[in-house]
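Next comes final.cif, a file with mmCIF, C-alpha atoms and all ligand atoms.
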```cif
data_coords
loop_
_atom_site.label_atom_id
_atom_site.label_comp_id
_atom_site.auth_asym_id
_atom_site.auth_seq_id
_atom_site.Cartn_x
_atom_site.Cartn_y
_atom_site.Cartn_z
CA MET A 69 0.00 0.00 0.00
CA LYS A 70 1.36 3.39 -1.01
CA LYS A 71 1.72 5.85 1.86
CA LEU A 72 0.16 9.28 2.10
CA TYR A 73 1.77 12.03 4.19
CA ALA A 74 0.51 15.55 4.80
CA ALA A 75 3.09 18.30 4.87
CA LEU A 76 2.30 19.78 8.28
CA MET A 77 1.42 23.47 8.43
CA THR A 78 2.52 25.74 11.27
CA ALA A 79 -0.12 27.98 12.78
CA PHE A 80 0.96 31.55 13.58
CA ASP A 81 -0.85 34.21 15.55
CA GLU A 82 -1.47 37.68 14.18
CA ASN A 83 1.99 38.82 15.30
CA GLY A 84 3.76 35.94 13.58
CA ASN A 85 4.45 33.90 16.71
CA ILE A 86 3.89 30.16 16.61
CA ASP A 87 0.39 29.29 17.73
CA GLU A 88 0.97 26.00 19.51
CA GLN A 89 -2.66 25.13 20.00
CA GLY A 90 -3.45 25.65 16.33
CA THR A 91 -0.43 23.62 15.25
CA ARG A 92 -1.54 20.81 17.57
CA GLU A 93 -5.04 20.94 16.12
CA MET A 94 -3.67 20.40 12.62
CA VAL A 95 -1.62 17.41 13.78
CA ARG A 96 -4.72 15.97 15.45
CA TYR A 97 -6.89 16.53 12.39
CA ASN A 98 -4.42 14.61 10.26
CA ILE A 99 -4.41 11.76 12.75
CA ASP A 100 -8.07 11.59 13.75
CA VAL A 101 -9.95 12.78 10.68
CA ASN A 102 -7.61 12.33 7.72
CA GLN A 103 -6.10 9.15 9.19
CA LEU A 104 -2.96 9.63 7.16
CA ASP A 105 0.06 7.39 7.18
CA GLY A 106 2.39 10.18 8.10
CA LEU A 107 3.33 13.81 8.53
CA TYR A 108 6.23 15.68 7.00
CA VAL A 109 7.22 18.13 9.71
CA GLY A 110 9.29 21.25 9.01
CA GLY A 111 8.88 21.38 5.26
CA SER A 112 8.02 24.20 2.91
CA THR A 113 4.36 23.97 3.89
CA GLY A 114 5.35 24.39 7.54
CA GLU A 115 6.94 27.75 6.53
CA ASN A 116 10.05 26.24 8.07
CA PHE A 117 12.56 28.37 6.19
CA MET A 118 11.16 31.46 7.89
CA LEU A 119 11.64 30.02 11.40
CA GLY A 120 14.51 30.35 13.85
CA THR A 121 16.23 27.27 15.29
CA ALA A 122 14.32 27.33 18.58
CA GLU A 123 11.04 27.65 16.72
CA LYS A 124 11.88 24.73 14.44
CA LYS A 125 12.62 22.66 17.52
CA ARG A 126 9.33 23.64 19.11
CA VAL A 127 7.40 22.52 16.02
CA PHE A 128 9.22 19.16 16.07
CA GLU A 129 8.33 18.78 19.76
CA ILE A 130 4.69 19.70 19.25
CA ALA A 131 4.24 17.22 16.40
CA MET A 132 5.93 14.40 18.32
CA ASP A 133 4.02 15.15 21.49
CA GLU A 134 0.65 15.30 19.76
CA ALA A 135 1.34 12.17 17.72
CA LYS A 136 2.44 10.00 20.62
CA GLY A 137 0.16 7.04 21.10
CA SER A 138 -0.89 7.07 17.45
CA ASP A 139 0.80 5.08 14.73
CA ILE A 140 1.31 8.02 12.40
CA ASP A 141 4.82 8.14 10.94
CA LEU A 142 6.71 11.41 11.36
CA ILE A 143 9.48 12.65 9.10
CA ALA A 144 11.44 15.69 10.31
CA GLN A 145 12.80 18.05 7.66
CA VAL A 146 16.01 19.41 9.23
CA GLY A 147 17.79 20.76 6.17
CA SER A 148 19.17 24.28 6.06
CA PRO A 149 22.02 25.98 4.22
CA ASN A 150 23.32 26.50 7.76
CA LEU A 151 24.85 23.03 8.10
CA HIS A 152 25.54 23.51 11.80
CA GLU A 153 21.85 24.10 12.33
CA ALA A 154 20.89 21.10 10.18
CA LYS A 155 23.18 18.83 12.23
CA GLU A 156 21.89 20.22 15.50
CA LEU A 157 18.30 19.66 14.40
CA ALA A 158 19.10 16.13 13.18
CA LYS A 159 20.41 15.29 16.66
CA PHE A 160 17.52 17.03 18.33
CA VAL A 161 14.79 15.16 16.44
CA THR A 162 16.62 11.85 16.79
CA GLU A 163 16.62 12.31 20.55
CA LEU A 164 12.92 13.19 20.38
CA GLY A 165 12.24 9.82 18.77
CA TYR A 166 11.89 10.64 15.07
CA LYS A 167 12.97 7.62 13.01
CA THR A 168 13.39 9.42 9.70
CA ILE A 169 14.80 12.80 8.84
CA SER A 170 14.81 14.68 5.58
CA ALA A 171 16.93 17.55 4.37
CA VAL A 172 16.35 20.00 1.58
CA THR A 173 19.23 20.41 -0.84
CA PRO A 174 21.33 23.35 0.42
CA PHE A 175 20.29 26.44 -1.51
CA TYR A 176 21.20 30.07 -2.28
CA TYR A 177 24.98 29.74 -2.82
CA ASN A 178 25.00 27.47 -5.89
CA PHE A 179 26.89 24.76 -4.03
CA ASN A 180 28.63 22.26 -6.29
CA PHE A 181 27.81 18.58 -6.02
CA ASP A 182 30.79 17.73 -3.80
CA GLU A 183 29.56 20.34 -1.35
CA ILE A 184 26.03 18.95 -1.51
CA LYS A 185 27.29 15.41 -0.89
CA HIS A 186 29.40 16.62 2.02
CA TYR A 187 26.32 18.35 3.45
CA TYR A 188 24.25 15.15 3.42
CA ASP A 189 27.03 12.94 4.75
CA GLU A 190 27.60 15.39 7.60
CA ILE A 191 23.92 15.57 8.55
CA VAL A 192 23.64 11.80 9.02
CA LYS A 193 27.15 11.24 10.38
CA ASP A 194 26.38 11.47 14.10
CA VAL A 195 22.80 10.21 14.16
CA ASP A 196 21.28 6.79 13.65
CA THR A 197 18.19 8.10 11.87
CA LYS A 198 17.77 7.50 8.14
CA LEU A 199 17.54 10.40 5.71
CA VAL A 200 15.29 11.18 2.76
CA VAL A 201 16.73 13.81 0.41
CA TYR A 202 14.29 16.67 -0.20
CA SER A 203 14.58 17.64 -3.83
CA ILE A 204 12.51 20.64 -4.90
CA PRO A 205 14.39 22.30 -7.78
CA ALA A 206 11.67 24.88 -8.51
CA LEU A 207 12.25 26.52 -5.11
CA THR A 208 15.92 25.76 -4.46
CA GLY A 209 17.35 25.97 -7.98
CA VAL A 210 19.20 22.73 -7.21
CA ALA A 211 18.52 19.98 -9.74
CA LEU A 212 20.19 16.68 -8.90
CA SER A 213 21.03 14.30 -11.75
CA LEU A 214 20.63 10.54 -11.74
CA ASP A 215 24.35 10.16 -11.09
CA ASN A 216 24.16 12.69 -8.27
CA PHE A 217 21.45 10.59 -6.62
CA ALA A 218 23.57 7.47 -7.12
CA LYS A 219 26.46 9.11 -5.27
CA LEU A 220 24.22 10.32 -2.43
CA PHE A 221 22.65 6.87 -2.12
CA GLU A 222 26.11 5.30 -1.66
CA ASN A 223 25.69 6.40 1.94
CA GLU A 224 23.46 3.67 3.36
CA LYS A 225 21.82 6.06 5.78
CA ILE A 226 20.36 7.94 2.82
CA ILE A 227 17.32 5.85 2.05
CA GLY A 228 15.39 7.83 -0.53
CA VAL A 229 14.06 11.07 -1.90
CA LYS A 230 11.06 13.29 -1.53
CA TYR A 231 10.73 14.15 -5.16
CA THR A 232 8.96 17.47 -5.76
CA ASN A 233 9.78 17.66 -9.42
CA ALA A 234 7.81 17.42 -12.64
CA ASP A 235 10.65 15.59 -14.44
CA PHE A 236 9.05 12.19 -14.98
CA TYR A 237 11.90 10.92 -17.11
CA LEU A 238 14.27 11.33 -14.18
CA LEU A 239 11.68 9.81 -11.84
CA GLU A 240 11.41 6.74 -14.07
CA ARG A 241 15.21 6.43 -14.24
CA LEU A 242 15.44 6.71 -10.44
CA ARG A 243 12.79 4.06 -9.87
CA GLU A 244 14.42 1.70 -12.34
CA ARG A 245 17.93 2.16 -10.96
CA PHE A 246 17.03 2.20 -7.26
CA PRO A 247 14.16 -0.25 -6.76
CA ASP A 248 14.86 -0.43 -3.02
CA LYS A 249 15.04 3.28 -2.32
CA LEU A 250 12.06 5.16 -0.95
CA ILE A 251 10.61 7.61 -3.46
CA LEU A 252 7.90 9.92 -2.17
CA SER A 253 6.24 12.14 -4.71
CA GLY A 254 5.85 15.82 -3.83
CA PHE A 255 3.50 17.40 -6.37
CA ASP A 256 -0.08 16.59 -5.36
CA GLU A 257 -1.39 17.60 -8.79
CA MET A 258 0.87 14.94 -10.36
CA LEU A 259 0.05 12.12 -7.96
CA LEU A 260 -1.34 9.79 -10.61
CA PRO A 261 1.61 9.91 -13.04
CA ALA A 262 3.92 9.45 -10.05
CA LEU A 263 1.93 6.40 -8.92
CA ALA A 264 2.22 5.03 -12.45
CA LEU A 265 5.99 5.22 -12.07
CA ASP A 266 5.75 3.24 -8.85
CA VAL A 267 6.57 5.78 -6.18
CA ASP A 268 6.21 4.49 -2.63
CA GLY A 269 3.84 7.24 -1.63
CA ALA A 270 3.33 10.98 -1.60
CA ILE A 271 3.83 13.96 0.66
CA GLY A 272 1.85 17.11 0.06
CA SER A 273 0.30 20.28 1.36
CA THR A 274 -3.17 19.71 -0.07
CA PHE A 275 -3.57 16.33 1.66
CA ASN A 276 -4.19 18.34 4.84
CA ILE A 277 -7.68 19.03 3.51
CA ASN A 278 -8.02 16.62 0.58
CA ALA A 279 -6.85 13.37 2.14
CA LYS A 280 -10.02 11.43 1.52
CA LYS A 281 -9.94 11.95 -2.23
CA ALA A 282 -6.19 11.35 -2.48
CA LYS A 283 -6.53 8.09 -0.52
CA ALA A 284 -9.41 7.02 -2.78
CA GLU A 285 -7.25 7.78 -5.80
CA ILE A 286 -4.43 5.63 -4.48
CA ALA A 287 -6.89 2.81 -3.69
CA ALA A 288 -8.37 3.00 -7.21
CA PHE A 289 -4.90 2.97 -8.73
CA GLU A 290 -3.88 -0.03 -6.66
CA ALA A 291 -7.08 -1.85 -7.63
CA GLY A 292 -6.22 -1.26 -11.29
CA ASP A 293 -9.15 1.13 -11.82
CA ILE A 294 -7.22 3.76 -13.73
CA ALA A 295 -10.32 5.53 -15.06
CA LYS A 296 -11.53 6.12 -11.51
CA ALA A 297 -8.07 7.21 -10.35
CA ARG A 298 -7.90 9.65 -13.26
CA GLN A 299 -11.34 11.05 -12.44
CA LEU A 300 -10.30 11.57 -8.82
CA GLN A 301 -7.10 13.30 -9.95
CA HIS A 302 -9.20 15.60 -12.18
CA GLU A 303 -11.38 16.48 -9.19
CA SER A 304 -8.38 17.06 -6.93
CA ASN A 305 -6.74 19.19 -9.58
CA ASP A 306 -9.81 21.44 -9.81
CA LEU A 307 -9.32 22.06 -6.09
CA ILE A 308 -5.53 22.41 -6.33
CA THR A 309 -5.84 24.89 -9.22
CA ASP A 310 -8.24 27.01 -7.16
CA LEU A 311 -5.92 26.81 -4.13
CA LEU A 312 -2.89 27.86 -6.16
CA ASN A 313 -4.77 30.74 -7.80
CA ASN A 314 -5.92 32.02 -4.41
CA GLY A 315 -2.50 31.65 -2.67
CA ILE A 316 -2.02 28.11 -1.47
CA TYR A 317 -0.73 28.37 2.10
CA ALA A 318 -3.06 31.17 3.24
CA THR A 319 -5.99 29.44 1.58
CA LEU A 320 -5.23 26.03 3.11
CA LYS A 321 -5.21 27.73 6.51
CA LEU A 322 -8.47 29.55 5.83
CA VAL A 323 -10.13 26.33 4.68
CA PHE A 324 -8.86 24.64 7.84
CA GLU A 325 -10.54 27.41 9.86
CA GLU A 326 -13.81 26.73 7.99
CA LEU A 327 -13.41 23.07 8.93
CA GLY A 328 -13.19 24.08 12.58
CA VAL A 329 -9.42 23.64 12.87
CA HIS A 330 -7.51 26.65 14.14
CA ALA A 331 -4.73 27.13 11.58
CA GLY A 332 -3.99 30.82 12.17
CA TYR A 333 -2.04 33.09 9.88
CA THR A 334 0.90 32.74 7.53
CA ARG A 335 4.18 34.34 8.61
CA GLU A 336 5.69 37.46 7.09
CA PRO A 337 7.14 38.09 4.60
CA MET A 338 4.24 36.04 3.28
CA ALA A 339 1.42 38.52 2.90
CA LYS A 340 -1.56 38.31 5.23
CA ALA A 341 -4.77 37.19 3.55
CA THR A 342 -6.62 40.14 2.04
CA PRO A 343 -10.44 40.32 2.08
CA GLU A 344 -10.36 38.99 -1.52
CA VAL A 345 -8.22 35.99 -0.50
CA LYS A 346 -10.57 35.33 2.43
CA ALA A 347 -13.59 35.49 0.14
CA GLY A 348 -11.84 33.17 -2.33
CA ALA A 349 -11.10 30.67 0.43
CA LYS A 350 -14.71 30.72 1.55
CA ARG A 351 -15.82 30.01 -2.02
CA ILE A 352 -13.37 27.11 -2.20
CA TYR A 353 -14.65 25.71 1.08
CA GLU A 354 -18.25 25.95 -0.09
CA LYS A 355 -17.49 24.46 -3.50
CA TYR A 356 -15.49 21.45 -2.33
CA PHE A 357 -16.20 20.80 1.33
CA LYS A 358 -19.82 21.63 2.04
C1 LIG A 401 6.68 20.45 2.03
O1 LIG A 401 7.91 20.44 2.03
O2 LIG A 401 6.06 21.02 2.88
C2 LIG A 401 5.85 19.83 0.96
O3 LIG A 401 5.82 18.49 1.01
C3 LIG A 401 6.04 20.40 -0.32
C4 LIG A 401 5.04 19.83 -1.30
O4 LIG A 401 5.77 19.17 -2.29
C5 LIG A 401 4.21 20.95 -1.83
N1 LIG A 401 5.09 21.87 -2.52
C6 LIG A 401 5.13 23.15 -2.19
O5 LIG A 401 4.35 23.66 -1.42
C7 LIG A 401 6.15 23.97 -2.87
C8 LIG A 401 3.09 20.45 -2.72
O6 LIG A 401 2.22 19.74 -1.89
C9 LIG A 401 2.36 21.61 -3.39
O7 LIG A 401 1.94 22.57 -2.45
C10 LIG A 401 1.17 21.12 -4.17
O8 LIG A 401 1.53 20.08 -5.01
C11 LIG A 401 0.56 22.25 -5.00
O9 LIG A 401 1.44 22.66 -6.02
#
```
Go ahead and render the structure in this file as structure tokens.
Amino acid sequence: MKKLYAALMTAFDENGNIDEQGTREMVRYNIDVNQLDGLYVGGSTGENFMLGTAEKKRVFEIAMDEAKGSDIDLIAQVGSPNLHEAKELAKFVTELGYKTISAVTPFYYNFNFDEIKHYYDEIVKDVDTKLVVYSIPALTGVALSLDNFAKLFENEKIIGVKYTNADFYLLERLRERFPDKLILSGFDEMLLPALALDVDGAIGSTFNINAKKAKAEIAAFEAGDIAKARQLQHESNDLITDLLNNGIYATLKLVFEELGVHAGYTREPMAKATPEVKAGAKRIYEKYFK
């Protein structure tokens, strides 16, 4: 069975401080209502790259604390161009009990591949957790080649990739060359083609509110009912298109609020939702969730 993970959001109050209660509510919703296989904590959707180290730690603690007693799988995204911070976070989450970590490719300085490899080897060096590379070239500008992946995977602690990339040729080559590595697809709107290439599951922002349909799509795919899976992808993509056009993170949070889950605000420099964005989110809620 392919696994479905939501990329956990972080709730903020009006002043941009972490709203712990709201963040806990989103963890709970994913466990109790969405009944997902896992949560990706500290990713893009968690607005992680706008947080300080202590705040990142607090989010990891909240997710672990709220998830204890459930069987939801947690992956902690610890990557940062500040390698010292990434290593510190890797140790921190390992001590908290996370079994798997993930790290975004280091960005901003156009690091060469040797530097990128060094970064990953360093992050896992002093911890016994396994690592999933977080590849998201559209946001980082870092596109890893098949050979780059092969070199990263030489380190046995590096067990796979969260692949947020629309390059399906590379995805097919990865699957064929590394049948035993974990490949988790990252673009929710491309779930079906990723399933067709035999990914092990998916991680995404929209599964926070669209888990039921995404799970039904995976079930249809696994049952060989491709027409049904395609129809469900069409329906999800209508929603995803509307979310993207209205500003995805703010709108996901506003839809959460409509669902009775306190998701709070996005953090600056992300703009606060305008009255138009709020009205758009309400329309989305009424169109898809009422
Ligand atoms: C994360 O790191 O939080 C996510 O897993 C990232 C995930 O791949 C999302 N990508 C971004 O938000 C950039 C997708 O779920 C994405 O939001 C969705 O496919 C709509 O484009």
Would you kindly identify which residues have an atom no farther than 8 Å from (1.1, 18.0, 1.9), using only C-alpha atoms and the file's own coordinates, and write them out as a PDB file with C-alpha atoms, in the frame of the given file?
```
ATOM      1  CA  TYR A  73       1.770  12.030   4.190  1.00  0.00           C
ATOM      2  CA  ALA A  74       0.510  15.550   4.800  1.00  0.00           C
ATOM      3  CA  ALA A  75       3.090  18.300   4.870  1.00  0.00           C
ATOM      4  CA  LEU A  76       2.300  19.780   8.280  1.00  0.00           C
ATOM      5  CA  TYR A 108       6.230  15.680   7.000  1.00  0.00           C
ATOM      6  CA  THR A 113       4.360  23.970   3.890  1.00  0.00           C
ATOM      7  CA  GLY A 254       5.850  15.820  -3.830  1.00  0.00           C
ATOM      8  CA  ASP A 256      -0.080  16.590  -5.360  1.00  0.00           C
ATOM      9  CA  ILE A 271       3.830  13.960   0.660  1.00  0.00           C
ATOM     10  CA  GLY A 272       1.850  17.110   0.060  1.00  0.00           C
ATOM     11  CA  SER A 273       0.300  20.280   1.360  1.00  0.00           C
ATOM     12  CA  THR A 274      -3.170  19.710  -0.070  1.00  0.00           C
ATOM     13  CA  PHE A 275      -3.570  16.330   1.660  1.00  0.00           C
ATOM     14  CA  ASN A 276      -4.190  18.340   4.840  1.00  0.00           C
TER      15      ASN A 276
END
```
Surrounding residues as number ranges by chain, ligand LIG 401 (chain A), max 10 Å, all atoms listed in the file: A: 73-77, 107-116, 145, 170-172, 202-207, 230-233, 252-259, 270-276, 305, 307-309, 311-312, 316-317, 320
Point-to-point distance in Å for CA of Ala279 (chain A) and CA of Thr342 (chain A):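 Between these atoms lies a distance of 26.8 Å.
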Contacts of region 78-92 of chain A within 7 Å, all atoms listed in the file, excl. fewer than 5 positions in-chain, as a ChimeraX atom specification: /A:114-115,130-131,134,330-336
Point-to-point distance from CA of Ala262 (chain A) to CA of Thr197 (chain A), Å rounded to tenths: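 These two atoms are separated by 26.2 Å.
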Pick from A:Asp194, A:Asp235, A:Glu183, A:Asp248 nearest to Ser213 (chain A), counting all atoms listed in the file: A:Asp235
Residue neighbourhood region 214-227 of chain A, 8 Å, all atoms listed in the file, exclusion window fewer than 2 positions, as a list in words: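 Skipping anything fewer than 2 positions along the chain leaves Phe181, Lys185, Tyr188, Asp189, Val192, Asp196, Thr197, Lys198, Leu199, Val200, Val201, Leu212, Val229, Leu238, Arg241, Leu242, Lys249 and Leu250 of chain A.
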CA of Val267 (chain A) to CA of Thr162 (chain A), straight-line distance in Å: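 Pair CA of Thr162 (chain A) / CA of Val267 (chain A) returns 25.8 Å.
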Counting only C-alpha atoms, the option among A:Val329, A:Asp306, A:Asp266, A:Leu157 closest to Glu123 (chain A): A:Leu157
Contacts of Val210 (chain A) within 9 Å, all atoms listed in the file, excl. fewer than 6 positions in-chain, as a VMD selection string: chain A and resid 173 to 175 178 to 179 203 to 204
Residues near region 288-295 of chain A, cut-off 12 Å, all atoms listed in the file, skip fewer than 2 positions along chain, as a list of chain:residue names: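 Selected residues are A:Met69, A:Lys70, A:Lys71, A:Leu259, A:Leu260, A:Pro261, A:Ala262, A:Leu263, A:Ala264, A:Leu265, A:Asp266, A:Val267, A:Asp268, A:Gly269, A:Lys281, A:Ala282, A:Lys283, A:Ala284, A:Glu285, A:Ile286, A:Ala297, A:Arg298, A:Gln299, A:Leu300, A:Gln301, A:His302.
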Any chance you could export the current selection's C-alpha atoms as a PDB file, in the coordinates of the input?
```pdb
ATOM      1  CA  MET A  69       0.000   0.000   0.000  1.00  0.00           C
ATOM      2  CA  LYS A  70       1.360   3.390  -1.010  1.00  0.00           C
ATOM      3  CA  LYS A  71       1.720   5.850   1.860  1.00  0.00           C
ATOM      4  CA  LEU A 259       0.050  12.120  -7.960  1.00  0.00           C
ATOM      5  CA  LEU A 260      -1.340   9.790 -10.610  1.00  0.00           C
ATOM      6  CA  PRO A 261       1.610   9.910 -13.040  1.00  0.00           C
ATOM      7  CA  ALA A 262       3.920   9.450 -10.050  1.00  0.00           C
ATOM      8  CA  LEU A 263       1.930   6.400  -8.920  1.00  0.00           C
ATOM      9  CA  ALA A 264       2.220   5.030 -12.450  1.00  0.00           C
ATOM     10  CA  LEU A 265       5.990   5.220 -12.070  1.00  0.00           C
ATOM     11  CA  ASP A 266       5.750   3.240  -8.850  1.00  0.00           C
ATOM     12  CA  VAL A 267       6.570   5.780  -6.180  1.00  0.00           C
ATOM     13  CA  ASP A 268       6.210   4.490  -2.630  1.00  0.00           C
ATOM     14  CA  GLY A 269       3.840   7.240  -1.630  1.00  0.00           C
ATOM     15  CA  LYS A 281      -9.940  11.950  -2.230  1.00  0.00           C
ATOM     16  CA  ALA A 282      -6.190  11.350  -2.480  1.00  0.00           C
ATOM     17  CA  LYS A 283      -6.530   8.090  -0.520  1.00  0.00           C
ATOM     18  CA  ALA A 284      -9.410   7.020  -2.780  1.00  0.00           C
ATOM     19  CA  GLU A 285      -7.250   7.780  -5.800  1.00  0.00           C
ATOM     20  CA  ILE A 286      -4.430   5.630  -4.480  1.00  0.00           C
ATOM     21  CA  ALA A 297      -8.070   7.210 -10.350  1.00  0.00           C
ATOM     22  CA  ARG A 298      -7.900   9.650 -13.260  1.00  0.00           C
ATOM     23  CA  GLN A 299     -11.340  11.050 -12.440  1.00  0.00           C
ATOM     24  CA  LEU A 300     -10.300  11.570  -8.820  1.00  0.00           C
ATOM     25  CA  GLN A 301      -7.100  13.300  -9.950  1.00  0.00           C
ATOM     26  CA  HIS A 302      -9.200  15.600 -12.180  1.00  0.00           C
TER      27      HIS A 302
END
```
Shell around Val345 (chain A) at 12 Å using all atoms listed in the file, local window under 4 positions removed, as a PyMOL selection string: chain A and resi 310-323+339-341+349-352
Residue among A:Thr121, A:Val127, A:Ile169, A:Tyr353 lying closest to Ala144 (chain A), counting only C-alpha atoms: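 Answer, going by the shortest atom-to-atom distance: A:Ile169.
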Given all atoms listed in the file as the counted atoms, nearest of A:Ile143, A:Ile277, A:Ala347, A:Val195 to Phe128 (chain A):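 Using all atoms listed in the file, Phe128 (chain A) sits closest to A:Ile143.
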